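One structure below.
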Amino acid sequence: VTVLPAGTYFSKAGDKSTVVETGIDAMVMEEHDRAAPCGTGAVKAAGNYAADLEPVHAAKEKGYGTTLYLDAKEHRYIEEFSVCNFVGITADGRYVTPKSDAILASTTNRMLQQLAEDEGLKVEQRPVDFDKEIEDFIEVGMVGTAAVLVRVKSITRGDRTYKFESFNTLSRLREKFTAIQCGEEPDVHNWMVDVCPVPNRQ
């Protein structure tokens with residue numbers, strides 16, 4: 001099941017502006033781990049979100065909008081943002097998202113992957129080595145049911161900040177995704193389900 005939220009997940013209450021296009025800054029969380037190997041990271045459990053409460057508040061006190069977690073064993077491979085999947089577009093046009101037993105599978109991410117393939121993009125779901133690959137990305141986004149797809153304009157790890165100037169491809173995929181949700185684009189993959197008849201108001 002996928003649903004359309006009433007507002008932008010990362011907007012402040014009463015703020016009609018959106019960070020979807022302008023983007024947020026993220027920091028790699030080194031002092032805390034989101035999920036342990038062979039743990040419950042891939043399960044939709046409240047405890048997975050609770051583990052990020054203190055770290056994300058600490059990140060916001062430093063001026064960042066969210067946290068990015070690496071794998072707990074080596075602190076080498078990208079896992080997830082605070083409450084969202086990581087997706088990136090490489091300079092050669094690949095849609096890349098991490099694969100790990102500690103990552104919560106995202107229906108939204110799977111649908112965006114399909115839309116990317118529909119456009120002819122190569123989709124890769126695999127381990128992503130942060131230090132070796134982060135500079136390969138020209139676009140980075142956070143994907144989730146409520147967030148849908150939000151731009152990440154920079155990621156800081158230690159004293160290095162990596163900036164992502166573009167959001168063209170991910171923005172286009174997001175627009176296509178929400179257009180299908182709203183019935184403005186044909187649902188060629190049969191994702192949408194009528195849960196009840198539309199009442200006749202005539």
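Labels used: A, B, ... for chains in the order of the structure tokens, numbers from 1 for residues in each chain, and numbers from 1 for ligands as shown.
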
Spatial neighbours of Pro55 in chain A, max dist 8 Å, only C-alpha atoms, sep filter under 5 positions, as a PyMOL selection string = chain A and resi 29+32+67

Non-local contacts of Met142 in chain A (12 Å; only C-alpha atoms; under 2 positions in same chain excluded) as an mmCIF file with all heavy atoms, in the first residue's frame:
data_model
loop_
_atom_site.group_PDB
_atom_site.id
_atom_site.type_symbol
_atom_site.label_atom_id
_atom_site.label_comp_id
_atom_site.auth_asym_id
_atom_site.auth_seq_id
_atom_site.Cartn_x
_atom_site.Cartn_y
_atom_site.Cartn_z
ATOM 1 N N TYR A 9 6.895 16.041 4.370
ATOM 2 C CA TYR A 9 7.321 15.424 5.628
ATOM 3 C C TYR A 9 8.352 16.268 6.362
ATOM 4 O O TYR A 9 8.337 16.369 7.585
ATOM 5 C CB TYR A 9 7.880 14.031 5.337
ATOM 6 C CG TYR A 9 8.221 13.232 6.572
ATOM 7 C CD1 TYR A 9 7.234 12.547 7.268
ATOM 8 C CD2 TYR A 9 9.526 13.158 7.042
ATOM 9 C CE1 TYR A 9 7.527 11.809 8.393
ATOM 10 C CE2 TYR A 9 9.837 12.418 8.173
ATOM 11 C CZ TYR A 9 8.839 11.756 8.836
ATOM 12 O OH TYR A 9 9.139 11.028 9.949
ATOM 13 N N PHE A 10 9.283 16.887 5.636
ATOM 14 C CA PHE A 10 10.365 17.603 6.276
ATOM 15 C C PHE A 10 10.109 19.101 6.419
ATOM 16 O O PHE A 10 10.986 19.852 6.776
ATOM 17 C CB PHE A 10 11.679 17.374 5.515
ATOM 18 C CG PHE A 10 12.211 15.985 5.711
ATOM 19 C CD1 PHE A 10 11.879 14.975 4.833
ATOM 20 C CD2 PHE A 10 13.017 15.684 6.793
ATOM 21 C CE1 PHE A 10 12.360 13.682 5.020
ATOM 22 C CE2 PHE A 10 13.500 14.397 6.994
ATOM 23 C CZ PHE A 10 13.166 13.398 6.096
ATOM 24 N N VAL A 19 11.190 21.535 1.165
ATOM 25 C CA VAL A 19 12.606 21.229 1.003
ATOM 26 C C VAL A 19 12.811 20.179 -0.075
ATOM 27 O O VAL A 19 13.930 19.747 -0.308
ATOM 28 C CB VAL A 19 13.215 20.731 2.339
ATOM 29 C CG1 VAL A 19 13.164 21.815 3.380
ATOM 30 C CG2 VAL A 19 12.524 19.458 2.826
ATOM 31 N N VAL A 20 11.712 19.775 -0.721
ATOM 32 C CA VAL A 20 11.818 18.729 -1.736
ATOM 33 C C VAL A 20 12.824 19.126 -2.800
ATOM 34 O O VAL A 20 13.692 18.351 -3.194
ATOM 35 C CB VAL A 20 10.437 18.454 -2.375
ATOM 36 C CG1 VAL A 20 10.586 17.538 -3.584
ATOM 37 C CG2 VAL A 20 9.513 17.809 -1.360
ATOM 38 N N GLU A 21 12.735 20.365 -3.299
ATOM 39 C CA GLU A 21 13.614 20.829 -4.367
ATOM 40 C C GLU A 21 14.837 21.556 -3.829
ATOM 41 O O GLU A 21 15.926 21.433 -4.392
ATOM 42 C CB GLU A 21 12.833 21.746 -5.318
ATOM 43 C CG GLU A 21 11.699 21.052 -6.058
ATOM 44 C CD GLU A 21 12.183 20.067 -7.103
ATOM 45 O OE1 GLU A 21 13.346 20.156 -7.530
ATOM 46 O OE2 GLU A 21 11.397 19.193 -7.510
ATOM 47 N N GLY A 23 16.333 21.159 -0.905
ATOM 48 C CA GLY A 23 17.225 20.162 -0.324
ATOM 49 C C GLY A 23 17.600 20.412 1.122
ATOM 50 O O GLY A 23 17.415 21.500 1.658
ATOM 51 N N ILE A 24 18.116 19.370 1.750
ATOM 52 C CA ILE A 24 18.601 19.466 3.121
ATOM 53 C C ILE A 24 20.034 18.949 3.175
ATOM 54 O O ILE A 24 20.503 18.247 2.292
ATOM 55 C CB ILE A 24 17.709 18.685 4.110
ATOM 56 C CG1 ILE A 24 17.749 17.191 3.816
ATOM 57 C CG2 ILE A 24 16.277 19.187 4.089
ATOM 58 C CD1 ILE A 24 17.024 16.379 4.867
ATOM 59 N N ASP A 25 20.713 19.337 4.240
ATOM 60 C CA ASP A 25 22.086 18.892 4.483
ATOM 61 C C ASP A 25 22.067 17.725 5.452
ATOM 62 O O ASP A 25 21.355 17.750 6.458
ATOM 63 C CB ASP A 25 22.918 20.035 5.069
ATOM 64 C CG ASP A 25 22.988 21.231 4.133
ATOM 65 O OD1 ASP A 25 23.442 21.050 2.994
ATOM 66 O OD2 ASP A 25 22.588 22.345 4.545
ATOM 67 N N ALA A 26 22.848 16.701 5.157
ATOM 68 C CA ALA A 26 22.922 15.511 6.006
ATOM 69 C C ALA A 26 24.325 15.343 6.560
ATOM 70 O O ALA A 26 25.295 15.831 5.981
ATOM 71 C CB ALA A 26 22.523 14.266 5.216
ATOM 72 N N GLY A 65 20.020 18.676 8.597
ATOM 73 C CA GLY A 65 18.611 18.324 8.577
ATOM 74 C C GLY A 65 18.316 16.882 8.883
ATOM 75 O O GLY A 65 17.201 16.538 9.275
ATOM 76 N N THR A 66 19.319 16.012 8.710
ATOM 77 C CA THR A 66 19.095 14.586 8.942
ATOM 78 C C THR A 66 20.428 13.873 9.109
ATOM 79 O O THR A 66 21.496 14.476 8.929
ATOM 80 C CB THR A 66 18.296 13.958 7.774
ATOM 81 O OG1 THR A 66 17.852 12.647 8.152
ATOM 82 C CG2 THR A 66 19.147 13.868 6.509
ATOM 83 N N THR A 67 20.354 12.603 9.450
ATOM 84 C CA THR A 67 21.531 11.758 9.627
ATOM 85 C C THR A 67 21.601 10.715 8.517
ATOM 86 O O THR A 67 20.588 10.327 7.950
ATOM 87 C CB THR A 67 21.467 11.016 10.976
ATOM 88 O OG1 THR A 67 20.169 10.410 11.102
ATOM 89 C CG2 THR A 67 21.683 11.971 12.145
ATOM 90 N N LEU A 68 22.808 10.272 8.230
ATOM 91 C CA LEU A 68 23.020 9.145 7.320
ATOM 92 C C LEU A 68 23.810 8.092 8.069
ATOM 93 O O LEU A 68 24.858 8.396 8.662
ATOM 94 C CB LEU A 68 23.789 9.579 6.070
ATOM 95 C CG LEU A 68 24.170 8.441 5.103
ATOM 96 C CD1 LEU A 68 22.919 7.789 4.503
ATOM 97 C CD2 LEU A 68 25.088 8.945 3.991
ATOM 98 N N GLU A 79 23.834 2.708 4.494
ATOM 99 C CA GLU A 79 22.593 1.999 4.789
ATOM 100 C C GLU A 79 21.397 2.918 4.545
ATOM 101 O O GLU A 79 20.828 2.909 3.484
ATOM 102 C CB GLU A 79 22.609 1.440 6.218
ATOM 103 C CG GLU A 79 23.613 0.299 6.357
ATOM 104 C CD GLU A 79 23.260 -0.714 7.412
ATOM 105 O OE1 GLU A 79 22.610 -0.336 8.410
ATOM 106 O OE2 GLU A 79 23.660 -1.890 7.258
ATOM 107 N N GLU A 80 21.035 3.745 5.534
ATOM 108 C CA GLU A 80 19.853 4.582 5.367
ATOM 109 C C GLU A 80 20.061 5.961 5.968
ATOM 110 O O GLU A 80 20.898 6.159 6.849
ATOM 111 C CB GLU A 80 18.643 3.955 6.056
ATOM 112 C CG GLU A 80 18.049 2.784 5.332
ATOM 113 C CD GLU A 80 16.671 2.442 5.882
ATOM 114 O OE1 GLU A 80 16.551 2.209 7.095
ATOM 115 O OE2 GLU A 80 15.727 2.411 5.086
ATOM 116 N N PHE A 81 19.236 6.899 5.515
ATOM 117 C CA PHE A 81 19.090 8.155 6.225
ATOM 118 C C PHE A 81 18.240 7.884 7.462
ATOM 119 O O PHE A 81 17.765 6.780 7.675
ATOM 120 C CB PHE A 81 18.428 9.206 5.336
ATOM 121 C CG PHE A 81 19.328 9.733 4.244
ATOM 122 C CD1 PHE A 81 19.131 9.348 2.926
ATOM 123 C CD2 PHE A 81 20.371 10.602 4.541
ATOM 124 C CE1 PHE A 81 19.945 9.829 1.915
ATOM 125 C CE2 PHE A 81 21.204 11.077 3.538
ATOM 126 C CZ PHE A 81 20.997 10.700 2.223
ATOM 127 N N SER A 82 18.032 8.905 8.251
ATOM 128 C CA SER A 82 17.296 8.794 9.503
ATOM 129 C C SER A 82 16.046 7.930 9.396
ATOM 130 O O SER A 82 15.895 6.938 10.110
ATOM 131 C CB SER A 82 16.918 10.197 9.973
ATOM 132 O OG SER A 82 16.014 10.165 11.045
ATOM 133 N N VAL A 83 15.137 8.290 8.501
ATOM 134 C CA VAL A 83 13.888 7.535 8.346
ATOM 135 C C VAL A 83 13.604 7.234 6.878
ATOM 136 O O VAL A 83 12.457 6.969 6.506
ATOM 137 C CB VAL A 83 12.699 8.309 8.964
ATOM 138 C CG1 VAL A 83 12.823 8.379 10.470
ATOM 139 C CG2 VAL A 83 12.589 9.723 8.371
ATOM 140 N N CYS A 84 14.639 7.268 6.041
ATOM 141 C CA CYS A 84 14.435 7.127 4.599
ATOM 142 C C CYS A 84 15.529 6.304 3.944
ATOM 143 O O CYS A 84 16.667 6.285 4.407
ATOM 144 C CB CYS A 84 14.424 8.508 3.926
ATOM 145 S SG CYS A 84 13.092 9.598 4.412
ATOM 146 N N ASN A 85 15.179 5.659 2.840
ATOM 147 C CA ASN A 85 16.161 4.992 1.986
ATOM 148 C C ASN A 85 17.052 6.027 1.305
ATOM 149 O O ASN A 85 16.643 7.157 1.049
ATOM 150 C CB ASN A 85 15.464 4.183 0.900
ATOM 151 C CG ASN A 85 14.948 2.834 1.357
ATOM 152 O OD1 ASN A 85 14.473 2.051 0.554
ATOM 153 N ND2 ASN A 85 15.023 2.522 2.649
ATOM 154 N N PHE A 86 18.276 5.620 0.987
ATOM 155 C CA PHE A 86 19.211 6.427 0.207
ATOM 156 C C PHE A 86 19.072 6.051 -1.265
ATOM 157 O O PHE A 86 19.057 4.872 -1.618
ATOM 158 C CB PHE A 86 20.637 6.145 0.673
ATOM 159 C CG PHE A 86 21.736 6.789 -0.153
ATOM 160 C CD1 PHE A 86 22.405 7.908 0.319
ATOM 161 C CD2 PHE A 86 22.117 6.257 -1.384
ATOM 162 C CE1 PHE A 86 23.426 8.491 -0.428
ATOM 163 C CE2 PHE A 86 23.127 6.838 -2.136
ATOM 164 C CZ PHE A 86 23.785 7.956 -1.653
ATOM 165 N N VAL A 87 18.974 7.056 -2.139
ATOM 166 C CA VAL A 87 19.044 6.824 -3.573
ATOM 167 C C VAL A 87 19.983 7.858 -4.175
ATOM 168 O O VAL A 87 20.077 8.984 -3.694
ATOM 169 C CB VAL A 87 17.662 6.902 -4.271
ATOM 170 C CG1 VAL A 87 16.726 5.841 -3.743
ATOM 171 C CG2 VAL A 87 17.048 8.285 -4.132
ATOM 172 N N GLY A 88 20.680 7.457 -5.222
ATOM 173 C CA GLY A 88 21.586 8.385 -5.883
ATOM 174 C C GLY A 88 21.601 8.160 -7.378
ATOM 175 O O GLY A 88 21.365 7.048 -7.858
ATOM 176 N N ILE A 89 21.859 9.244 -8.108
ATOM 177 C CA ILE A 89 22.034 9.183 -9.556
ATOM 178 C C ILE A 89 23.497 9.476 -9.845
ATOM 179 O O ILE A 89 24.037 10.504 -9.404
ATOM 180 C CB ILE A 89 21.146 10.197 -10.290
ATOM 181 C CG1 ILE A 89 19.669 9.967 -9.960
ATOM 182 C CG2 ILE A 89 21.393 10.129 -11.797
ATOM 183 C CD1 ILE A 89 19.116 8.654 -10.459
ATOM 184 N N THR A 97 20.855 2.365 -5.269
ATOM 185 C CA THR A 97 20.325 2.356 -3.909
ATOM 186 C C THR A 97 20.942 1.175 -3.158
ATOM 187 O O THR A 97 21.175 0.118 -3.751
ATOM 188 C CB THR A 97 18.777 2.285 -3.921
ATOM 189 O OG1 THR A 97 18.264 2.521 -2.608
ATOM 190 C CG2 THR A 97 18.294 0.941 -4.434
ATOM 191 N N PRO A 98 21.268 1.339 -1.884
ATOM 192 C CA PRO A 98 21.973 0.281 -1.155
ATOM 193 C C PRO A 98 21.146 -0.985 -0.961
ATOM 194 O O PRO A 98 19.918 -0.942 -0.895
ATOM 195 C CB PRO A 98 22.270 0.934 0.209
ATOM 196 C CG PRO A 98 22.213 2.400 -0.048
ATOM 197 C CD PRO A 98 21.153 2.575 -1.087
ATOM 198 N N SER A 106 11.599 -0.324 0.987
ATOM 199 C CA SER A 106 10.675 0.773 0.726
ATOM 200 C C SER A 106 9.849 0.488 -0.528
ATOM 201 O O SER A 106 10.411 0.302 -1.614
ATOM 202 C CB SER A 106 11.446 2.082 0.548
ATOM 203 O OG SER A 106 10.636 3.093 -0.025
ATOM 204 N N THR A 108 7.979 2.682 -1.930
ATOM 205 C CA THR A 108 8.190 3.872 -2.760
ATOM 206 C C THR A 108 9.466 3.739 -3.576
ATOM 207 O O THR A 108 9.499 4.060 -4.775
ATOM 208 C CB THR A 108 8.247 5.127 -1.882
ATOM 209 O OG1 THR A 108 7.070 5.208 -1.074
ATOM 210 C CG2 THR A 108 8.365 6.391 -2.726
ATOM 211 N N ASN A 109 10.518 3.253 -2.955
ATOM 212 C CA ASN A 109 11.793 3.068 -3.660
ATOM 213 C C ASN A 109 11.637 2.057 -4.797
ATOM 214 O O ASN A 109 12.131 2.274 -5.914
ATOM 215 C CB ASN A 109 12.872 2.621 -2.674
ATOM 216 C CG ASN A 109 14.283 2.751 -3.241
ATOM 217 O OD1 ASN A 109 14.486 3.060 -4.409
ATOM 218 N ND2 ASN A 109 15.268 2.505 -2.401
ATOM 219 N N LEU A 112 9.867 3.753 -7.640
ATOM 220 C CA LEU A 112 10.751 4.705 -8.314
ATOM 221 C C LEU A 112 11.781 3.969 -9.176
ATOM 222 O O LEU A 112 12.136 4.435 -10.258
ATOM 223 C CB LEU A 112 11.442 5.601 -7.296
ATOM 224 C CG LEU A 112 10.552 6.658 -6.620
ATOM 225 C CD1 LEU A 112 11.258 7.251 -5.410
ATOM 226 C CD2 LEU A 112 10.154 7.746 -7.604
ATOM 227 N N GLU A 139 23.400 13.408 -7.947
ATOM 228 C CA GLU A 139 22.127 13.652 -7.272
ATOM 229 C C GLU A 139 21.979 12.642 -6.141
ATOM 230 O O GLU A 139 22.346 11.471 -6.297
ATOM 231 C CB GLU A 139 20.939 13.488 -8.224
ATOM 232 C CG GLU A 139 20.937 14.391 -9.430
ATOM 233 C CD GLU A 139 19.721 14.148 -10.321
ATOM 234 O OE1 GLU A 139 18.627 13.834 -9.789
ATOM 235 O OE2 GLU A 139 19.859 14.267 -11.550
ATOM 236 N N VAL A 140 21.438 13.086 -5.014
ATOM 237 C CA VAL A 140 21.145 12.187 -3.892
ATOM 238 C C VAL A 140 19.778 12.568 -3.334
ATOM 239 O O VAL A 140 19.434 13.753 -3.242
ATOM 240 C CB VAL A 140 22.216 12.280 -2.791
ATOM 241 C CG1 VAL A 140 21.769 11.522 -1.536
ATOM 242 C CG2 VAL A 140 23.540 11.705 -3.281
ATOM 243 N N GLY A 144 10.907 7.663 1.030
ATOM 244 C CA GLY A 144 10.065 7.018 2.026
ATOM 245 C C GLY A 144 8.602 7.278 1.722
ATOM 246 O O GLY A 144 8.267 8.108 0.876
ATOM 247 N N THR A 145 7.717 6.600 2.424
ATOM 248 C CA THR A 145 6.287 6.739 2.170
ATOM 249 C C THR A 145 5.821 8.171 2.390
ATOM 250 O O THR A 145 5.135 8.749 1.544
ATOM 251 C CB THR A 145 5.483 5.787 3.078
ATOM 252 O OG1 THR A 145 5.907 4.451 2.847
ATOM 253 C CG2 THR A 145 3.986 5.897 2.793
ATOM 254 N N ALA A 146 6.183 8.748 3.525
ATOM 255 C CA ALA A 146 5.753 10.115 3.827
ATOM 256 C C ALA A 146 6.593 11.146 3.079
ATOM 257 O O ALA A 146 6.070 12.129 2.569
ATOM 258 C CB ALA A 146 5.824 10.372 5.325
ATOM 259 N N ALA A 147 7.895 10.917 3.002
ATOM 260 C CA ALA A 147 8.783 11.881 2.350
ATOM 261 C C ALA A 147 8.652 11.844 0.839
ATOM 262 O O ALA A 147 8.902 12.840 0.161
ATOM 263 C CB ALA A 147 10.234 11.591 2.746
ATOM 264 N N VAL A 148 8.267 10.705 0.288
ATOM 265 C CA VAL A 148 8.253 10.396 -1.143
ATOM 266 C C VAL A 148 9.690 10.450 -1.659
ATOM 267 O O VAL A 148 10.377 9.442 -1.674
ATOM 268 C CB VAL A 148 7.321 11.316 -1.954
ATOM 269 C CG1 VAL A 148 7.293 10.871 -3.422
ATOM 270 C CG2 VAL A 148 5.903 11.279 -1.387
ATOM 271 N N LEU A 149 10.176 11.622 -2.059
ATOM 272 C CA LEU A 149 11.563 11.760 -2.513
ATOM 273 C C LEU A 149 12.010 13.196 -2.269
ATOM 274 O O LEU A 149 11.492 14.125 -2.885
ATOM 275 C CB LEU A 149 11.678 11.402 -3.997
ATOM 276 C CG LEU A 149 13.043 11.517 -4.665
ATOM 277 C CD1 LEU A 149 14.112 10.777 -3.887
ATOM 278 C CD2 LEU A 149 12.984 11.008 -6.097
ATOM 279 N N VAL A 150 12.942 13.364 -1.346
ATOM 280 C CA VAL A 150 13.426 14.682 -0.947
ATOM 281 C C VAL A 150 14.892 14.831 -1.330
ATOM 282 O O VAL A 150 15.689 13.905 -1.149
ATOM 283 C CB VAL A 150 13.256 14.896 0.575
ATOM 284 C CG1 VAL A 150 13.887 16.210 1.029
ATOM 285 C CG2 VAL A 150 11.783 14.857 0.952
ATOM 286 N N ARG A 151 15.234 15.986 -1.849
ATOM 287 C CA ARG A 151 16.607 16.246 -2.267
ATOM 288 C C ARG A 151 17.552 16.365 -1.074
ATOM 289 O O ARG A 151 17.232 16.978 -0.058
ATOM 290 C CB ARG A 151 16.669 17.549 -3.067
ATOM 291 C CG ARG A 151 18.072 17.914 -3.505
ATOM 292 C CD ARG A 151 18.112 19.260 -4.207
ATOM 293 N NE ARG A 151 19.478 19.599 -4.571
ATOM 294 C CZ ARG A 151 19.840 20.764 -5.070
ATOM 295 N NH1 ARG A 151 18.938 21.717 -5.253
ATOM 296 N NH2 ARG A 151 21.098 21.000 -5.388
ATOM 297 N N VAL A 152 18.719 15.767 -1.196
ATOM 298 C CA VAL A 152 19.824 15.964 -0.258
ATOM 299 C C VAL A 152 20.877 16.768 -1.005
ATOM 300 O O VAL A 152 21.410 16.321 -2.013
ATOM 301 C CB VAL A 152 20.399 14.618 0.228
ATOM 302 C CG1 VAL A 152 21.621 14.844 1.109
ATOM 303 C CG2 VAL A 152 19.337 13.820 0.977
ATOM 304 N N LYS A 153 21.166 17.964 -0.523
ATOM 305 C CA LYS A 153 22.099 18.824 -1.249
ATOM 306 C C LYS A 153 23.538 18.665 -0.790
ATOM 307 O O LYS A 153 24.463 19.052 -1.508
ATOM 308 C CB LYS A 153 21.677 20.290 -1.160
ATOM 309 C CG LYS A 153 21.622 20.877 0.241
ATOM 310 C CD LYS A 153 21.144 22.318 0.184
ATOM 311 C CE LYS A 153 21.047 22.919 1.576
ATOM 312 N NZ LYS A 153 20.575 24.333 1.523
ATOM 313 N N SER A 154 23.748 18.070 0.390
ATOM 314 C CA SER A 154 25.123 17.809 0.829
ATOM 315 C C SER A 154 25.136 16.724 1.895
ATOM 316 O O SER A 154 24.150 16.524 2.612
ATOM 317 C CB SER A 154 25.784 19.075 1.391
ATOM 318 O OG SER A 154 25.310 19.364 2.693
ATOM 319 N N ILE A 155 26.265 16.020 1.976
ATOM 320 C CA ILE A 155 26.508 15.049 3.042
ATOM 321 C C ILE A 155 27.892 15.331 3.608
ATOM 322 O O ILE A 155 28.869 15.416 2.862
ATOM 323 C CB ILE A 155 26.447 13.595 2.537
ATOM 324 C CG1 ILE A 155 25.059 13.281 1.967
ATOM 325 C CG2 ILE A 155 26.785 12.616 3.664
ATOM 326 C CD1 ILE A 155 24.957 11.893 1.341
ATOM 327 N N PHE A 167 19.315 17.908 -9.217
ATOM 328 C CA PHE A 167 18.202 17.077 -8.733
ATOM 329 C C PHE A 167 17.238 16.795 -9.883
ATOM 330 O O PHE A 167 16.093 16.439 -9.681
ATOM 331 C CB PHE A 167 17.476 17.789 -7.584
ATOM 332 C CG PHE A 167 16.543 16.908 -6.790
ATOM 333 C CD1 PHE A 167 17.009 15.788 -6.131
ATOM 334 C CD2 PHE A 167 15.191 17.212 -6.709
ATOM 335 C CE1 PHE A 167 16.144 14.976 -5.398
ATOM 336 C CE2 PHE A 167 14.318 16.413 -5.979
ATOM 337 C CZ PHE A 167 14.800 15.298 -5.318
ATOM 338 N N LEU A 170 15.953 12.853 -10.324
ATOM 339 C CA LEU A 170 15.128 12.437 -9.192
ATOM 340 C C LEU A 170 13.858 13.276 -9.095
ATOM 341 O O LEU A 170 12.786 12.752 -8.753
ATOM 342 C CB LEU A 170 15.933 12.514 -7.898
ATOM 343 C CG LEU A 170 17.075 11.498 -7.776
ATOM 344 C CD1 LEU A 170 17.847 11.705 -6.477
ATOM 345 C CD2 LEU A 170 16.547 10.062 -7.856
ATOM 346 N N SER A 171 13.944 14.558 -9.412
ATOM 347 C CA SER A 171 12.756 15.413 -9.400
ATOM 348 C C SER A 171 11.754 14.934 -10.442
ATOM 349 O O SER A 171 10.538 14.880 -10.193
ATOM 350 C CB SER A 171 13.156 16.862 -9.667
ATOM 351 O OG SER A 171 12.014 17.688 -9.726
ATOM 352 N N ARG A 174 10.084 11.800 -9.215
ATOM 353 C CA ARG A 174 9.132 12.127 -8.151
ATOM 354 C C ARG A 174 7.834 12.674 -8.746
ATOM 355 O O ARG A 174 6.740 12.292 -8.316
ATOM 356 C CB ARG A 174 9.739 13.149 -7.192
ATOM 357 C CG ARG A 174 8.852 13.458 -5.989
ATOM 358 C CD ARG A 174 9.413 14.586 -5.144
ATOM 359 N NE ARG A 174 8.781 14.585 -3.832
ATOM 360 C CZ ARG A 174 7.577 15.112 -3.569
ATOM 361 N NH1 ARG A 174 6.878 15.668 -4.544
ATOM 362 N NH2 ARG A 174 7.084 15.070 -2.349
#

Give the helix (DSSP H, G or I) residues of range 77-187 of chain A, as assigned by DSSP on the backbone, as a PyMOL selection string.
-> chain A and resi 107-118+130-136+168-181

With a distance cut-off of 10 Å and only C-alpha atoms, select the neighbouring residues of Ala72 in chain A, excluding the residue or stretch itself and same-chain residues fewer than 5 positions from it, and output the selection as a VMD selection string.
-> chain A and resid 30 32 to 37 77 to 79 102

Just-selected residues, N, CA and C atoms written as a JSON list (two decimals), in the first residue's frame:
[["chain", "number", "residue", "atom", "x", "y", "z"],
["A", 30, "GLU", "N", 28.53, 8.95, 13.08],
["A", 30, "GLU", "CA", 29.63, 8.04, 13.43],
["A", 30, "GLU", "C", 29.49, 7.47, 14.84],
["A", 32, "HIS", "N", 26.74, 6.68, 16.57],
["A", 32, "HIS", "CA", 25.61, 5.78, 16.82],
["A", 32, "HIS", "C", 25.37, 4.92, 15.58],
["A", 33, "ASP", "N", 24.80, 3.75, 15.79],
["A", 33, "ASP", "CA", 24.40, 2.87, 14.70],
["A", 33, "ASP", "C", 22.88, 2.77, 14.68],
["A", 34, "ARG", "N", 22.33, 2.67, 13.49],
["A", 34, "ARG", "CA", 20.88, 2.56, 13.35],
["A", 34, "ARG", "C", 20.39, 1.16, 13.68],
["A", 35, "ALA", "N", 21.11, 0.14, 13.19],
["A", 35, "ALA", "CA", 20.68, -1.24, 13.39],
["A", 35, "ALA", "C", 21.89, -2.16, 13.39],
["A", 36, "ALA", "N", 21.82, -3.21, 14.20],
["A", 36, "ALA", "CA", 22.91, -4.16, 14.30],
["A", 36, "ALA", "C", 22.80, -5.23, 13.22],
["A", 37, "PRO", "N", 23.94, -5.83, 12.83],
["A", 37, "PRO", "CA", 23.87, -6.96, 11.89],
["A", 37, "PRO", "C", 23.01, -8.07, 12.47],
["A", 77, "TYR", "N", 29.75, 0.89, 4.45],
["A", 77, "TYR", "CA", 28.71, 0.86, 3.42],
["A", 77, "TYR", "C", 27.49, 1.68, 3.84],
["A", 78, "ILE", "N", 26.95, 2.42, 2.88],
["A", 78, "ILE", "CA", 25.77, 3.23, 3.14],
["A", 78, "ILE", "C", 24.58, 2.33, 3.45],
["A", 79, "GLU", "N", 23.83, 2.71, 4.49],
["A", 79, "GLU", "CA", 22.59, 2.00, 4.79],
["A", 79, "GLU", "C", 21.40, 2.92, 4.55],
["A", 102, "ALA", "N", 19.95, -4.97, 6.78],
["A", 102, "ALA", "CA", 19.58, -4.07, 7.86],
["A", 102, "ALA", "C", 18.76, -2.88, 7.39]]

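Proximity ranking of A:Glu175, A:Glu31, A:Glu119, A:Asp187 relative to Tyr69 in chain A places A:Glu31 first, based on only C-alpha atoms.
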
What is the CA of Cys182 in chain A to CA of Ala105 in chain A distance in Å?
-> 23.2 Å

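For the set A:Leu121, A:Ala59, A:Ala50, A:Cys196, the residue with the smallest atom-to-atom gap to Asp92 in chain A is A:Leu121, counting only C-alpha atoms.
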
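From CA of Leu70 in chain A back to CA of Gly39 in chain A, the distance works out to 14.7 Å.
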
State, in Å with one decimal place, the distance from CA of Gln114 in chain A to CA of Tyr95 in chain A.
-> 10.4 Å

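Across A:Gln181, A:Gln113, A:Pro186, A:Asp131, the tightest approach to Arg160 in chain A is made by A:Asp131 when counting only C-alpha atoms.
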
Mind checking DSSP for chain A and telling me the strand (DSSP E) residues as a PyMOL selection string?
-> chain A and resi 24-28+66-70+78-81+85-90+94-98+122-126+137-144+148-157+160-163

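Distances to Phe130 in chain A were evaluated for A:Lys44, A:His75, A:Lys99, A:Lys62 using only C-alpha atoms, and the minimum falls at A:His75.
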
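Residue nearest Ser100 in chain A within the list A:Leu53, A:Met192, A:Val128, A:Met27: A:Val128 [criterion: smallest interatomic distance, only C-alpha atoms].
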
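Among the candidates A:Gly183, A:Val188, A:Gly141, A:Leu173, the residue lying nearest to Thr22 in chain A is A:Gly141 (atoms considered: only C-alpha atoms).
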